[in-house]
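Novice: Data file input-v6.txt (compact mmCIF, C-alpha atoms and all ligand atoms) is appended below.
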# COMPACT_ATOMS: atom_id res chain seq x y z
CA MET U 114 7.75 11.25 -24.84
CA LEU U 115 6.15 13.19 -22.03
CA ILE U 116 8.21 11.69 -19.28
CA LYS U 117 10.84 13.99 -17.88
CA ARG U 118 13.86 12.20 -16.63
CA SER U 119 17.31 13.41 -15.74
CA PRO U 120 20.17 11.48 -17.39
CA ASN U 121 20.70 9.24 -14.39
CA GLY U 122 16.96 8.86 -13.82
CA ILE U 123 16.85 10.40 -10.37
CA ASP U 124 16.09 13.60 -8.49
CA LEU U 125 13.10 14.78 -10.47
CA PRO U 126 10.50 17.26 -9.40
CA TYR U 127 7.22 15.48 -8.74
CA PRO U 128 4.53 16.12 -11.30
CA SER U 129 0.97 16.52 -10.04
CA GLU U 130 -0.63 13.35 -8.81
CA ILE U 131 -3.24 13.35 -11.54
CA THR U 132 -1.91 12.18 -14.86
CA PRO U 133 -3.90 12.68 -18.04
CA ARG U 134 -4.71 9.52 -19.94
CA ALA U 135 -2.38 10.35 -22.85
CA VAL U 136 0.56 10.69 -20.49
CA PHE U 137 -0.34 7.49 -18.75
CA GLU U 138 -0.54 5.65 -22.06
CA SER U 139 2.82 7.03 -23.03
CA ARG U 140 4.23 5.88 -19.70
CA ARG U 141 2.90 2.42 -20.34
CA SER U 142 4.50 2.31 -23.74
CA PHE U 143 7.65 3.54 -22.06
CA ILE U 144 7.49 0.54 -19.73
CA ARG U 145 7.03 -1.72 -22.71
CA GLN U 146 10.05 -0.20 -24.34
CA ILE U 147 12.14 -0.82 -21.26
CA ALA U 148 10.79 -4.31 -20.98
CA VAL U 149 11.37 -5.47 -24.51
CA GLY U 150 13.75 -2.92 -25.94
CA SER U 151 11.39 -1.99 -28.73
CA ILE U 152 9.18 0.95 -29.62
CA ALA U 153 6.38 -1.02 -31.28
CA GLY U 154 3.07 -1.44 -29.48
CA GLY U 155 0.39 -4.09 -29.76
CA ALA U 156 -0.88 -6.99 -27.74
CA MET U 157 2.20 -9.15 -28.03
CA LEU U 158 4.42 -6.44 -26.67
CA GLU U 159 1.96 -5.66 -23.92
CA MET U 160 2.24 -9.33 -22.95
CA ALA U 161 5.99 -9.28 -23.18
CA GLY U 162 6.09 -6.16 -21.04
CA ARG U 163 3.92 -7.78 -18.39
CA GLU U 164 6.03 -10.92 -18.33
CA ALA U 165 9.13 -8.85 -17.88
CA LEU U 166 7.59 -6.82 -15.07
CA ALA U 167 6.25 -9.70 -12.99
CA GLN U 168 8.29 -12.80 -12.41
CA ALA U 169 6.72 -15.10 -9.85
CA PRO U 170 6.72 -18.42 -11.69
CA GLY U 171 3.23 -19.88 -11.89
CA ALA U 172 1.53 -16.95 -10.17
CA GLN U 173 -2.07 -16.30 -11.16
CA LYS U 174 -2.34 -13.38 -13.58
CA LEU U 175 -4.92 -10.72 -12.87
CA THR U 176 -6.52 -8.76 -15.65
CA ALA U 177 -6.98 -5.18 -14.53
CA LYS U 178 -7.87 -1.98 -16.28
CA PRO U 179 -5.36 0.80 -15.73
CA ASN U 180 -7.05 3.62 -13.84
CA SER U 181 -5.56 6.79 -15.27
CA SER U 182 -6.82 8.91 -12.39
CA TYR U 183 -4.53 7.17 -9.98
CA VAL U 184 -1.15 7.06 -11.60
CA VAL U 185 2.04 8.80 -10.62
CA MET U 186 4.58 9.55 -13.31
CA ASP U 187 7.47 8.09 -11.35
CA LYS U 188 9.19 5.07 -12.78
CA PRO U 189 7.84 1.82 -11.26
CA THR U 190 10.13 0.10 -8.80
CA ALA U 191 11.73 -3.07 -10.17
CA TYR U 192 9.71 -6.17 -9.27
CA LYS U 193 12.79 -7.71 -7.69
CA ASP U 194 13.24 -4.77 -5.32
CA ALA U 195 9.53 -4.57 -4.46
CA THR U 196 9.53 -8.26 -3.51
CA THR U 197 12.83 -8.59 -1.64
CA TYR U 198 12.87 -5.41 0.46
CA ASN U 199 9.82 -5.73 2.68
CA ASN U 200 8.40 -5.03 6.08
CA PHE U 201 6.22 -7.90 7.24
CA TYR U 202 7.21 -8.54 10.83
CA GLU U 203 5.22 -11.76 11.03
CA PHE U 204 8.12 -13.21 9.02
CA GLY U 205 10.97 -11.41 10.77
CA THR U 206 12.31 -7.89 11.05
CA ASP U 207 15.03 -7.96 8.38
CA LYS U 208 14.06 -6.62 4.98
CA GLU U 209 14.87 -9.97 3.30
CA ASP U 210 13.00 -12.09 5.87
CA PRO U 211 9.54 -11.89 4.26
CA SER U 212 10.89 -13.05 0.87
CA LYS U 213 13.07 -15.72 2.50
CA TYR U 214 10.45 -17.15 4.84
CA GLY U 215 7.15 -16.09 3.23
CA ALA U 216 6.61 -19.39 1.39
CA THR U 217 4.89 -20.94 4.42
CA LEU U 218 1.99 -18.50 4.14
CA LYS U 219 -1.03 -20.17 2.54
CA PRO U 220 -3.03 -17.55 0.66
CA ARG U 221 -5.70 -20.07 -0.41
CA PRO U 222 -8.21 -20.93 0.86
CA TRP U 223 -8.74 -17.54 2.52
CA THR U 224 -11.70 -15.73 3.98
CA VAL U 225 -12.21 -12.21 5.25
CA ALA U 226 -14.86 -11.68 7.92
CA ILE U 227 -16.62 -8.32 7.71
CA GLU U 228 -18.41 -7.40 10.91
CA GLY U 229 -19.28 -4.76 13.49
CA GLU U 230 -21.43 -1.69 12.92
CA ILE U 231 -22.86 -2.74 9.56
CA LYS U 232 -26.25 -3.89 8.31
CA LYS U 233 -24.90 -6.79 6.28
CA PRO U 234 -22.13 -8.71 8.05
CA MET U 235 -20.55 -11.25 5.73
CA THR U 236 -17.62 -13.55 5.16
CA VAL U 237 -16.07 -13.35 1.72
CA ASP U 238 -13.60 -15.76 0.21
CA LEU U 239 -10.86 -14.84 -2.20
CA ASP U 240 -12.85 -15.54 -5.35
CA GLY U 241 -15.66 -13.44 -3.91
CA LEU U 242 -13.23 -10.59 -3.33
CA LEU U 243 -11.76 -10.91 -6.83
CA LYS U 244 -15.28 -10.59 -8.27
CA LEU U 245 -16.66 -7.95 -5.93
CA ALA U 246 -15.74 -5.03 -8.21
CA PRO U 247 -13.79 -4.57 -11.45
CA LEU U 248 -10.05 -4.84 -10.87
CA GLU U 249 -8.01 -1.74 -11.60
CA GLU U 250 -4.30 -1.17 -11.92
CA ARG U 251 -3.04 1.87 -10.07
CA LEU U 252 0.52 3.06 -9.85
CA TYR U 253 0.97 4.38 -6.31
CA ARG U 254 3.88 5.66 -4.31
CA LEU U 255 4.18 3.96 -0.94
CA ARG U 256 6.42 5.62 1.64
CA CYS U 257 7.64 3.83 4.73
CA VAL U 258 7.98 5.75 7.98
CA GLU U 259 11.62 4.59 7.94
CA GLY U 260 12.37 7.00 5.10
CA TRP U 261 12.24 4.95 1.90
CA SER U 262 9.65 4.68 -0.80
CA MET U 263 8.60 2.54 -3.75
CA VAL U 264 6.32 2.93 -6.76
CA ILE U 265 4.20 -0.14 -7.38
CA PRO U 266 1.50 -1.03 -9.96
CA TRP U 267 -1.10 -2.39 -7.55
CA VAL U 268 -4.19 -4.32 -8.61
CA GLY U 269 -7.44 -3.95 -6.71
CA TYR U 270 -10.38 -1.60 -6.29
CA SER U 271 -11.45 1.15 -3.92
CA LEU U 272 -12.25 -0.21 -0.49
CA ALA U 273 -15.37 1.96 -0.80
CA GLU U 274 -16.79 -0.67 -3.18
CA LEU U 275 -16.78 -3.23 -0.39
CA ILE U 276 -17.95 -0.75 2.24
CA LYS U 277 -21.07 0.11 0.29
CA LYS U 278 -21.99 -3.59 0.01
CA VAL U 279 -21.95 -4.14 3.78
CA GLU U 280 -23.90 -0.94 4.59
CA PRO U 281 -22.32 0.69 7.66
CA ASN U 282 -24.89 1.86 10.22
CA GLY U 283 -24.93 5.22 11.98
CA ASN U 284 -22.55 4.04 14.71
CA ALA U 285 -19.72 3.19 12.32
CA LYS U 286 -16.98 5.80 12.69
CA TYR U 287 -13.84 3.74 12.16
CA VAL U 288 -12.70 0.64 10.33
CA GLU U 289 -10.32 -1.85 11.89
CA PHE U 290 -8.20 -4.21 9.80
CA VAL U 291 -7.08 -7.38 11.55
CA THR U 292 -4.39 -9.44 9.86
CA LEU U 293 -3.42 -13.10 10.06
CA ALA U 294 -1.48 -14.24 13.12
CA ASP U 295 -0.72 -17.93 12.70
CA LYS U 296 2.42 -19.36 14.28
CA LYS U 297 2.38 -22.28 11.89
CA GLN U 298 2.54 -20.06 8.83
CA MET U 299 4.48 -17.12 10.24
CA PRO U 300 7.81 -17.65 12.01
CA GLY U 301 7.98 -14.07 13.31
CA ILE U 302 4.87 -14.45 15.46
CA GLY U 303 7.07 -15.98 18.16
CA SER U 304 8.83 -12.66 18.64
CA ARG U 305 7.49 -9.85 20.78
CA VAL U 306 8.42 -6.88 18.57
CA LEU U 307 4.72 -6.12 18.11
CA GLN U 308 1.43 -7.32 19.56
CA TRP U 309 -0.20 -9.88 17.31
CA PRO U 310 -2.35 -9.86 15.37
CA TYR U 311 -1.08 -6.79 13.54
CA VAL U 312 -4.02 -4.38 13.54
CA GLU U 313 -4.48 -1.17 11.61
CA GLY U 314 -7.32 1.28 11.35
CA LEU U 315 -8.78 4.20 9.45
CA ARG U 316 -11.52 6.70 10.05
CA LEU U 317 -14.60 5.69 8.02
CA ASP U 318 -14.20 8.69 5.69
CA GLU U 319 -10.55 7.79 5.08
CA ALA U 320 -11.55 4.21 4.38
CA ASN U 321 -14.16 5.48 1.93
CA HIS U 322 -11.76 7.77 0.09
CA PRO U 323 -11.42 6.45 -3.48
CA LEU U 324 -7.61 6.33 -3.15
CA THR U 325 -7.82 3.69 -0.42
CA LEU U 326 -7.18 0.49 -2.33
CA LEU U 327 -8.28 -2.98 -1.34
CA THR U 328 -5.36 -4.72 -2.98
CA LEU U 329 -5.32 -8.22 -4.43
CA GLY U 330 -2.33 -8.06 -6.74
CA MET U 331 0.64 -6.20 -8.11
CA TYR U 332 2.56 -6.17 -11.40
CA GLY U 333 -0.38 -7.93 -13.08
CA GLU U 334 -0.38 -10.94 -10.76
CA VAL U 335 -1.80 -11.98 -7.39
CA LEU U 336 0.15 -10.58 -4.45
CA PRO U 337 3.37 -12.36 -3.57
CA ASN U 338 3.26 -13.65 0.01
CA GLN U 339 5.89 -11.16 1.18
CA ASN U 340 3.72 -8.27 -0.05
CA GLY U 341 0.69 -9.34 1.94
CA ALA U 342 -1.06 -12.12 0.03
CA PRO U 343 -3.83 -12.60 -0.66
CA VAL U 344 -5.41 -9.29 0.33
CA ARG U 345 -4.03 -6.12 1.85
CA LEU U 346 -4.68 -2.45 2.06
CA VAL U 347 -2.75 0.28 0.30
CA VAL U 348 -3.32 3.77 1.69
CA PRO U 349 -0.87 5.81 -0.36
CA TRP U 350 -1.02 9.12 1.56
CA LYS U 351 -0.12 7.46 4.86
CA TYR U 352 3.08 5.85 6.08
CA GLY U 353 3.43 2.29 4.85
CA PHE U 354 2.57 0.64 8.15
CA LYS U 355 -1.07 1.72 7.72
CA SER U 356 -1.24 -0.57 4.67
CA ALA U 357 -2.01 -3.79 6.54
CA LYS U 358 -1.05 -7.08 4.87
CA SER U 359 -2.85 -10.44 4.79
CA ILE U 360 -6.15 -9.16 6.17
CA VAL U 361 -8.55 -11.68 7.75
CA LYS U 362 -11.09 -9.36 9.38
CA ILE U 363 -12.54 -5.95 8.66
CA ARG U 364 -14.48 -4.53 11.58
CA PHE U 365 -16.55 -1.33 11.67
CA THR U 366 -16.41 0.35 15.07
CA ARG U 367 -17.62 3.35 17.08
CA ASP U 368 -14.27 3.83 18.76
CA GLN U 369 -10.84 4.44 17.31
CA PRO U 370 -9.13 1.07 16.87
CA LYS U 371 -6.00 0.27 18.84
CA THR U 372 -3.35 -0.13 16.17
CA ALA U 373 -0.15 -2.17 16.32
CA TRP U 374 2.45 0.57 15.90
CA ASN U 375 0.60 3.06 18.04
CA LEU U 376 0.42 0.48 20.83
CA SER U 377 4.12 -0.34 20.57
CA ALA U 378 5.36 3.30 20.54
CA PRO U 379 2.57 5.87 20.92
CA GLN U 380 4.94 8.84 21.04
CA GLU U 381 6.42 7.82 17.66
CA TYR U 382 3.38 6.52 15.73
CA GLY U 383 0.03 8.22 15.91
CA PHE U 384 -3.27 6.90 14.65
CA TYR U 385 -3.31 9.16 11.59
CA SER U 386 0.23 8.68 10.29
CA ASN U 387 -0.28 10.86 7.25
CA VAL U 388 2.93 11.35 5.31
CA ASN U 389 4.00 14.79 6.48
CA PRO U 390 7.46 16.27 5.79
CA GLU U 391 6.75 18.95 8.42
CA VAL U 392 6.34 16.55 11.32
CA ASP U 393 9.55 14.75 12.14
CA HIS U 394 9.65 11.33 13.68
CA PRO U 395 11.09 11.83 17.20
CA ARG U 396 14.27 10.06 16.10
CA TRP U 397 14.67 11.27 12.50
CA SER U 398 13.53 13.81 9.94
CA GLN U 399 10.68 12.98 7.59
CA ALA U 400 11.58 15.72 5.10
CA SER U 401 13.16 13.43 2.50
CA GLU U 402 13.16 9.84 1.35
CA ARG U 403 15.24 7.27 -0.49
CA ARG U 404 13.57 5.65 -3.48
CA ILE U 405 14.34 1.94 -3.45
CA GLY U 406 16.36 1.08 -6.55
CA GLU U 407 18.00 4.51 -6.61
CA ASP U 408 20.27 3.90 -3.70
CA GLY U 409 23.61 4.02 -5.45
CA LEU U 410 26.49 5.93 -3.96
CA PHE U 411 25.55 9.19 -5.69
CA ALA U 412 21.77 8.87 -5.54
CA LYS U 413 20.20 11.97 -4.11
CA LYS U 414 17.30 11.71 -1.70
CA ARG U 415 13.91 12.95 -2.84
CA LYS U 416 11.93 15.56 -0.99
CA THR U 417 8.96 14.02 0.75
CA LEU U 418 5.69 15.60 -0.30
CA MET U 419 2.75 16.49 1.93
CA PHE U 420 0.37 13.51 1.96
CA ASN U 421 2.99 11.73 -0.16
CA GLY U 422 1.85 13.89 -3.09
CA TYR U 423 -1.84 12.95 -2.80
CA GLY U 424 -2.99 16.47 -1.97
CA ASP U 425 -6.64 15.65 -2.70
CA VAL U 426 -7.00 14.09 0.72
CA ALA U 427 -6.37 17.42 2.49
CA SER U 428 -10.12 18.02 2.66
CA LEU U 429 -10.42 15.04 5.03
CA TYR U 430 -8.38 16.90 7.61
CA GLN U 431 -9.80 20.41 7.57
CA GLY U 432 -9.69 21.88 11.04
CA LEU U 433 -7.47 19.10 12.35
CA ASP U 434 -4.07 20.07 13.77
CA LEU U 435 -1.82 17.65 11.88
CA LYS U 436 1.05 18.23 14.30
CA LYS U 437 -1.11 17.06 17.17
CA PHE U 438 -2.91 14.35 15.21
CA PHE U 439 0.24 12.88 13.62
N1 LIG B 1 0.52 -7.54 8.67
C1 LIG B 1 1.48 -6.64 8.45
N2 LIG B 1 1.24 -5.64 7.56
C2 LIG B 1 2.21 -4.73 7.30
C3 LIG B 1 3.45 -4.76 7.99
C4 LIG B 1 3.67 -5.82 8.91
O1 LIG B 1 4.73 -5.95 9.55
N3 LIG B 1 2.67 -6.75 9.10
N4 LIG B 1 4.40 -3.79 7.72
C5 LIG B 1 3.92 -2.50 7.19
C6 LIG B 1 4.99 -1.62 6.76
S1 LIG B 1 5.93 -0.92 7.99
C7 LIG B 1 5.20 -1.28 5.44
S2 LIG B 1 6.34 -0.10 5.01
C8 LIG B 1 4.44 -1.95 4.36
C9 LIG B 1 5.41 -2.53 3.35
O2 LIG B 1 4.73 -3.06 2.24
P1 LIG B 1 5.58 -3.75 1.06
O3 LIG B 1 6.52 -4.73 1.69
O4 LIG B 1 4.58 -4.40 0.16
O5 LIG B 1 6.32 -2.64 0.36
O6 LIG B 1 3.60 -3.00 4.84
C10 LIG B 1 2.91 -2.69 6.05
N5 LIG B 1 1.96 -3.75 6.37
MO MO B 2 7.01 0.92 7.07
Would it be possible to restate this file's structure as structure tokens?
Specialist:
Amino acid sequence: MLIKRSPNGIDLPYPSEITPRAVFESRRSFIRQIAVGSIAGGAMLEMAGREALAQAPGAQKLTAKPNSSYVVMDKPTAYKDATTYNNFYEFGTDKEDPSKYGATLKPRPWTVAIEGEIKKPMTVDLDGLLKLAPLEERLYRLRCVEGWSMVIPWVGYSLAELIKKVEPNGNAKYVEFVTLADKKQMPGIGSRVLQWPYVEGLRLDEANHPLTLLTLGMYGEVLPNQNGAPVRLVVPWKYGFKSAKSIVKIRFTRDQPKTAWNLSAPQEYGFYSNVNPEVDHPRWSQASERRIGEDGLFAKKRKTLMFNGYGDVASLYQGLDLKKFF
């Protein structure tokens, strides 16, 4: 067993973000062991492990190939925690609101309009998105700006796969992600906590980074509504709010998009929002984080890592003052 774990399963040093295939395989078998209490492998146990990990009755399963280049060695967050402790303000601001009220969201039929500074504008439906590129499973850490984090086996493919199909033109410098804002499906839209629709954005090179995941599922199934069904972004080196849920439009622009959190509190949330333990939020430190599921009385906080541990992305920001461009 190559997984290092302290007796209570917490407070570990982070291994490097790149995990060799053998280690990944051993982690998967470790998950199977947890799931079924057995050491044996094989297809049946793989199935049993999957069933135990994901538990939305009747949810469509997604077959995805584990991508060993994008796996952290941390233990995956329990499905129950990942689906009941959410930020999705369109359904309310309490962590339980999205799981309590998310059922009114209709993830099918769904289309995403892709427009702006591209040669091939198009509208894709969900089946089109599911077929656009081979689905991969990637275990990513996601850290919220509020100071907690989770580790989730996402299913999707690099956003770059979609970007190359629509052929950005020379004016495209940024990508804007517009998410659903429908009063009938989303009870939180009546509130004025944020401007709706919730909009996020990336620089084109950030959007094209292979880590940026166009996400269609998690734990081997389509996304639960509370996690941003049917399609969302996961940008693992940035604070969670950059990972926009329930996307309906992807727009390529010359100018930096106006993003929801930046508009609501520009002094607290910049456009970049890279996870950075050295730049505190004006109201709290960003040096450490609480891993959801490890929040018992004696659980120690984890140190937050630069770029959330995804150090590869540093090359995107050469020459940029990350304290100024926070
Ligand atoms: N449309 C939309 N997307 C959103 C949000 C939101 O309120 N609305 N919250 C963001 C925040 S603050 C976080 S931390 C992550 C949480 O994702 P999760 O609930 O799947 O862990 O979603 C992000 N995406
Ligand atoms: Mo967040």
Novice: Determine, for each residue of chain U having at least one atom at most 8 Å from an atom of ligand LIG 1 (chain B), the closest pair of atoms and their separation in Å to one decimal, counting all atoms listed in the file; order by chain and ascending number, as a Markdown table.
Specialist:
| residue | atom | partner | partner_atom | distance |
| --- | --- | --- | --- | --- |
| U:Ala195 | CA | B:LIG1 | O5 | 6.1 |
| U:Thr196 | CA | B:LIG1 | O3 | 7.0 |
| U:Tyr198 | CA | B:LIG1 | O3 | 6.5 |
| U:Asn199 | CA | B:LIG1 | O3 | 3.6 |
| U:Asn200 | CA | B:LIG1 | N4 | 4.5 |
| U:Phe201 | CA | B:LIG1 | O1 | 3.4 |
| U:Tyr202 | CA | B:LIG1 | O1 | 3.8 |
| U:Glu203 | CA | B:LIG1 | N3 | 5.9 |
| U:Thr206 | CA | B:LIG1 | O1 | 8.0 |
| U:Leu255 | CA | B:LIG1 | O5 | 7.1 |
| U:Arg256 | CA | B:LIG1 | S2 | 6.6 |
| U:Cys257 | CA | B:LIG1 | S2 | 4.1 |
| U:Val258 | CA | B:LIG1 | S2 | 6.8 |
| U:Glu259 | CA | B:LIG1 | S2 | 7.6 |
| U:Met263 | CA | B:LIG1 | O5 | 7.0 |
| U:Thr292 | CA | B:LIG1 | N1 | 5.4 |
| U:Leu293 | CA | B:LIG1 | N1 | 7.0 |
| U:Pro310 | CA | B:LIG1 | N1 | 7.6 |
| U:Tyr311 | CA | B:LIG1 | N1 | 5.2 |
| U:Val312 | CA | B:LIG1 | N1 | 7.4 |
| U:Gln339 | CA | B:LIG1 | O3 | 6.5 |
| U:Asn340 | CA | B:LIG1 | O4 | 4.0 |
| U:Gly341 | CA | B:LIG1 | O4 | 6.5 |
| U:Arg345 | CA | B:LIG1 | N2 | 7.8 |
| U:Tyr352 | CA | B:LIG1 | S2 | 6.9 |
| U:Gly353 | CA | B:LIG1 | S2 | 3.8 |
| U:Phe354 | CA | B:LIG1 | C5 | 3.6 |
| U:Lys355 | CA | B:LIG1 | C10 | 6.2 |
| U:Ser356 | CA | B:LIG1 | N5 | 4.8 |
| U:Ala357 | CA | B:LIG1 | N2 | 3.9 |
| U:Lys358 | CA | B:LIG1 | N2 | 3.8 |
| U:Ser359 | CA | B:LIG1 | N1 | 5.9 |
| U:Ile360 | CA | B:LIG1 | N1 | 7.3 |
Novice: In terms of the shortest atom-to-atom distance over only C-alpha atoms, which of U:His322, U:Lys351, U:Lys286, U:Arg305 is closest to Phe420 (chain U)?
Specialist: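 So, comparing all the options, the nearest one is U:Lys351.
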Novice: Between U:Pro247, U:Pro337, U:Pro281, U:Pro370, which is the closest to Lys178 (chain U) once you count only C-alpha atoms?
Specialist: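 Of U:Pro247, U:Pro337, U:Pro281, U:Pro370, the one nearest Lys178 (chain U), counting only C-alpha atoms, is U:Pro247.
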Novice: What is the distance between CA of Glu280 (chain U) and CA of Lys244 (chain U), in Å to one decimal?
Specialist: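 So the two atoms, CA of Glu280 (chain U) and CA of Lys244 (chain U), lie 18.2 Å apart.
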Novice: What gap, in Å, lies between CA of Met235 (chain U) and CA of Met299 (chain U)?
Specialist: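 Rounded to one decimal, the two atoms are 26.1 Å apart.
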Novice: May I have the residues at most 7 Å from (-3.0, 11.0, 14.7) in the file's coordinates, counting all atoms listed in the file, as a VMD selection string?
Specialist: chain U and resid 383 to 386 437 to 439
Novice: When distances are computed from all atoms listed in the file, which of U:Leu326, U:Val388, U:Leu429, U:Leu239 shows the smallest separation from ligand MO 2 (chain B)?
Specialist: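 Closest residue, counting all atoms listed in the file: U:Val388.
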Novice: Quick one: everything within 12 Å of region 422-428 of chain U, counting all atoms listed in the file, minus sequence neighbours fewer than 6 positions away in the same chain. Send it as number ranges by chain.
Specialist: U: 126-131, 182-187, 253-256, 318-325, 348-351, 387-390, 416, 434-435
Novice: Do you have the CA of Gly333 (chain U)-CA of Ala177 (chain U) distance handy?
Specialist: 7.3 Å
Novice: Could you tell me which of U:Lys188, U:Lys413, U:Arg364, U:Arg221 comes closest to Val288 (chain U) if we count all atoms listed in the file?
Specialist: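 Among the listed residues, U:Arg364 lies closest to Val288 (chain U).
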Novice: Using only C-alpha atoms and all ligand atoms, find the one residue out of U:Trp397, U:Trp374, U:Tyr430, U:Trp309 that sits nearest to ligand MO 2 (chain B).
Specialist: U:Trp374
Novice: Using only C-alpha atoms, which of the listed residues (U:Lys371, U:Lys219, U:Arg403, U:Lys296) sits closest to Val344 (chain U)?
Specialist: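 Closest to Val344 (chain U) of all the choices is U:Lys219.
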Novice: With only C-alpha atoms as the counted atoms, please give the residues lying no more than 12 Å from Ile227 (chain U), apart from itself and same-chain residues fewer than 4 positions off, as a compact mmCIF listing (two decimals) with C-alpha atoms, in the coordinates of the input.
Specialist:
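Generated output (part14.txt):
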# COMPACT_ATOMS: atom_id res chain seq x y z
CA ILE U 231 -22.86 -2.74 9.56
CA LYS U 232 -26.25 -3.89 8.31
CA LYS U 233 -24.90 -6.79 6.28
CA PRO U 234 -22.13 -8.71 8.05
CA MET U 235 -20.55 -11.25 5.73
CA THR U 236 -17.62 -13.55 5.16
CA VAL U 237 -16.07 -13.35 1.72
CA ASP U 238 -13.60 -15.76 0.21
CA LEU U 242 -13.23 -10.59 -3.33
CA LEU U 275 -16.78 -3.23 -0.39
CA ILE U 276 -17.95 -0.75 2.24
CA LYS U 278 -21.99 -3.59 0.01
CA VAL U 279 -21.95 -4.14 3.78
CA GLU U 280 -23.90 -0.94 4.59
CA PRO U 281 -22.32 0.69 7.66
CA VAL U 288 -12.70 0.64 10.33
CA GLU U 289 -10.32 -1.85 11.89
CA PHE U 290 -8.20 -4.21 9.80
CA VAL U 291 -7.08 -7.38 11.55
CA ILE U 360 -6.15 -9.16 6.17
CA VAL U 361 -8.55 -11.68 7.75
CA LYS U 362 -11.09 -9.36 9.38
CA ILE U 363 -12.54 -5.95 8.66
CA ARG U 364 -14.48 -4.53 11.58
CA PHE U 365 -16.55 -1.33 11.67
CA THR U 366 -16.41 0.35 15.07
Novice: If you keep N, CA and C atoms, can you output region 346-362 of chain U as a PDB file, in the first residue's frame?
Specialist:
ATOM      1  N   LEU U 346     -17.975  23.928 -14.579  1.00  0.00           N
ATOM      2  CA  LEU U 346     -16.531  24.004 -14.712  1.00  0.00           C
ATOM      3  C   LEU U 346     -15.901  23.538 -13.408  1.00  0.00           C
ATOM      4  N   VAL U 347     -14.728  22.935 -13.476  1.00  0.00           N
ATOM      5  CA  VAL U 347     -13.924  22.761 -12.266  1.00  0.00           C
ATOM      6  C   VAL U 347     -12.511  23.242 -12.594  1.00  0.00           C
ATOM      7  N   VAL U 348     -12.110  24.291 -11.889  1.00  0.00           N
ATOM      8  CA  VAL U 348     -10.789  24.896 -12.081  1.00  0.00           C
ATOM      9  C   VAL U 348     -10.042  24.719 -10.769  1.00  0.00           C
ATOM     10  N   PRO U 349      -9.296  23.622 -10.627  1.00  0.00           N
ATOM     11  CA  PRO U 349      -8.879  23.194  -9.288  1.00  0.00           C
ATOM     12  C   PRO U 349      -7.832  24.080  -8.616  1.00  0.00           C
ATOM     13  N   TRP U 350      -7.127  24.942  -9.372  1.00  0.00           N
ATOM     14  CA  TRP U 350      -6.123  25.782  -8.725  1.00  0.00           C
ATOM     15  C   TRP U 350      -6.682  27.133  -8.294  1.00  0.00           C
ATOM     16  N   LYS U 351      -7.971  27.344  -8.528  1.00  0.00           N
ATOM     17  CA  LYS U 351      -8.618  28.594  -8.147  1.00  0.00           C
ATOM     18  C   LYS U 351      -9.672  28.344  -7.081  1.00  0.00           C
ATOM     19  N   TYR U 352     -10.020  29.390  -6.339  1.00  0.00           N
ATOM     20  CA  TYR U 352     -11.064  29.255  -5.336  1.00  0.00           C
ATOM     21  C   TYR U 352     -12.351  28.754  -5.993  1.00  0.00           C
ATOM     22  N   GLY U 353     -13.106  27.996  -5.227  1.00  0.00           N
ATOM     23  CA  GLY U 353     -14.264  27.272  -5.753  1.00  0.00           C
ATOM     24  C   GLY U 353     -15.239  28.111  -6.551  1.00  0.00           C
ATOM     25  N   PHE U 354     -15.358  29.393  -6.214  1.00  0.00           N
ATOM     26  CA  PHE U 354     -16.393  30.185  -6.903  1.00  0.00           C
ATOM     27  C   PHE U 354     -16.099  30.379  -8.386  1.00  0.00           C
ATOM     28  N   LYS U 355     -14.827  30.121  -8.811  1.00  0.00           N
ATOM     29  CA  LYS U 355     -14.533  30.211 -10.243  1.00  0.00           C
ATOM     30  C   LYS U 355     -15.145  29.035 -11.013  1.00  0.00           C
ATOM     31  N   SER U 356     -15.500  27.974 -10.283  1.00  0.00           N
ATOM     32  CA  SER U 356     -16.009  26.749 -10.919  1.00  0.00           C
ATOM     33  C   SER U 356     -17.521  26.847 -11.105  1.00  0.00           C
ATOM     34  N   ALA U 357     -17.932  27.600 -12.123  1.00  0.00           N
ATOM     35  CA  ALA U 357     -19.346  27.927 -12.327  1.00  0.00           C
ATOM     36  C   ALA U 357     -20.200  26.688 -12.601  1.00  0.00           C
ATOM     37  N   LYS U 358     -21.372  26.670 -11.980  1.00  0.00           N
ATOM     38  CA  LYS U 358     -22.305  25.537 -12.098  1.00  0.00           C
ATOM     39  C   LYS U 358     -23.427  25.826 -13.093  1.00  0.00           C
ATOM     40  N   SER U 359     -23.947  24.765 -13.677  1.00  0.00           N
ATOM     41  CA  SER U 359     -25.132  24.844 -14.552  1.00  0.00           C
ATOM     42  C   SER U 359     -24.962  25.906 -15.641  1.00  0.00           C
ATOM     43  N   ILE U 360     -23.938  25.691 -16.450  1.00  0.00           N
ATOM     44  CA  ILE U 360     -23.552  26.648 -17.501  1.00  0.00           C
ATOM     45  C   ILE U 360     -24.509  26.576 -18.695  1.00  0.00           C
ATOM     46  N   VAL U 361     -24.961  27.743 -19.164  1.00  0.00           N
ATOM     47  CA  VAL U 361     -25.822  27.786 -20.352  1.00  0.00           C
ATOM     48  C   VAL U 361     -25.163  28.512 -21.532  1.00  0.00           C
ATOM     49  N   LYS U 362     -24.108  29.274 -21.246  1.00  0.00           N
ATOM     50  CA  LYS U 362     -23.464  30.022 -22.334  1.00  0.00           C
ATOM     51  C   LYS U 362     -21.964  30.138 -22.077  1.00  0.00           C
TER      52      LYS U 362
END
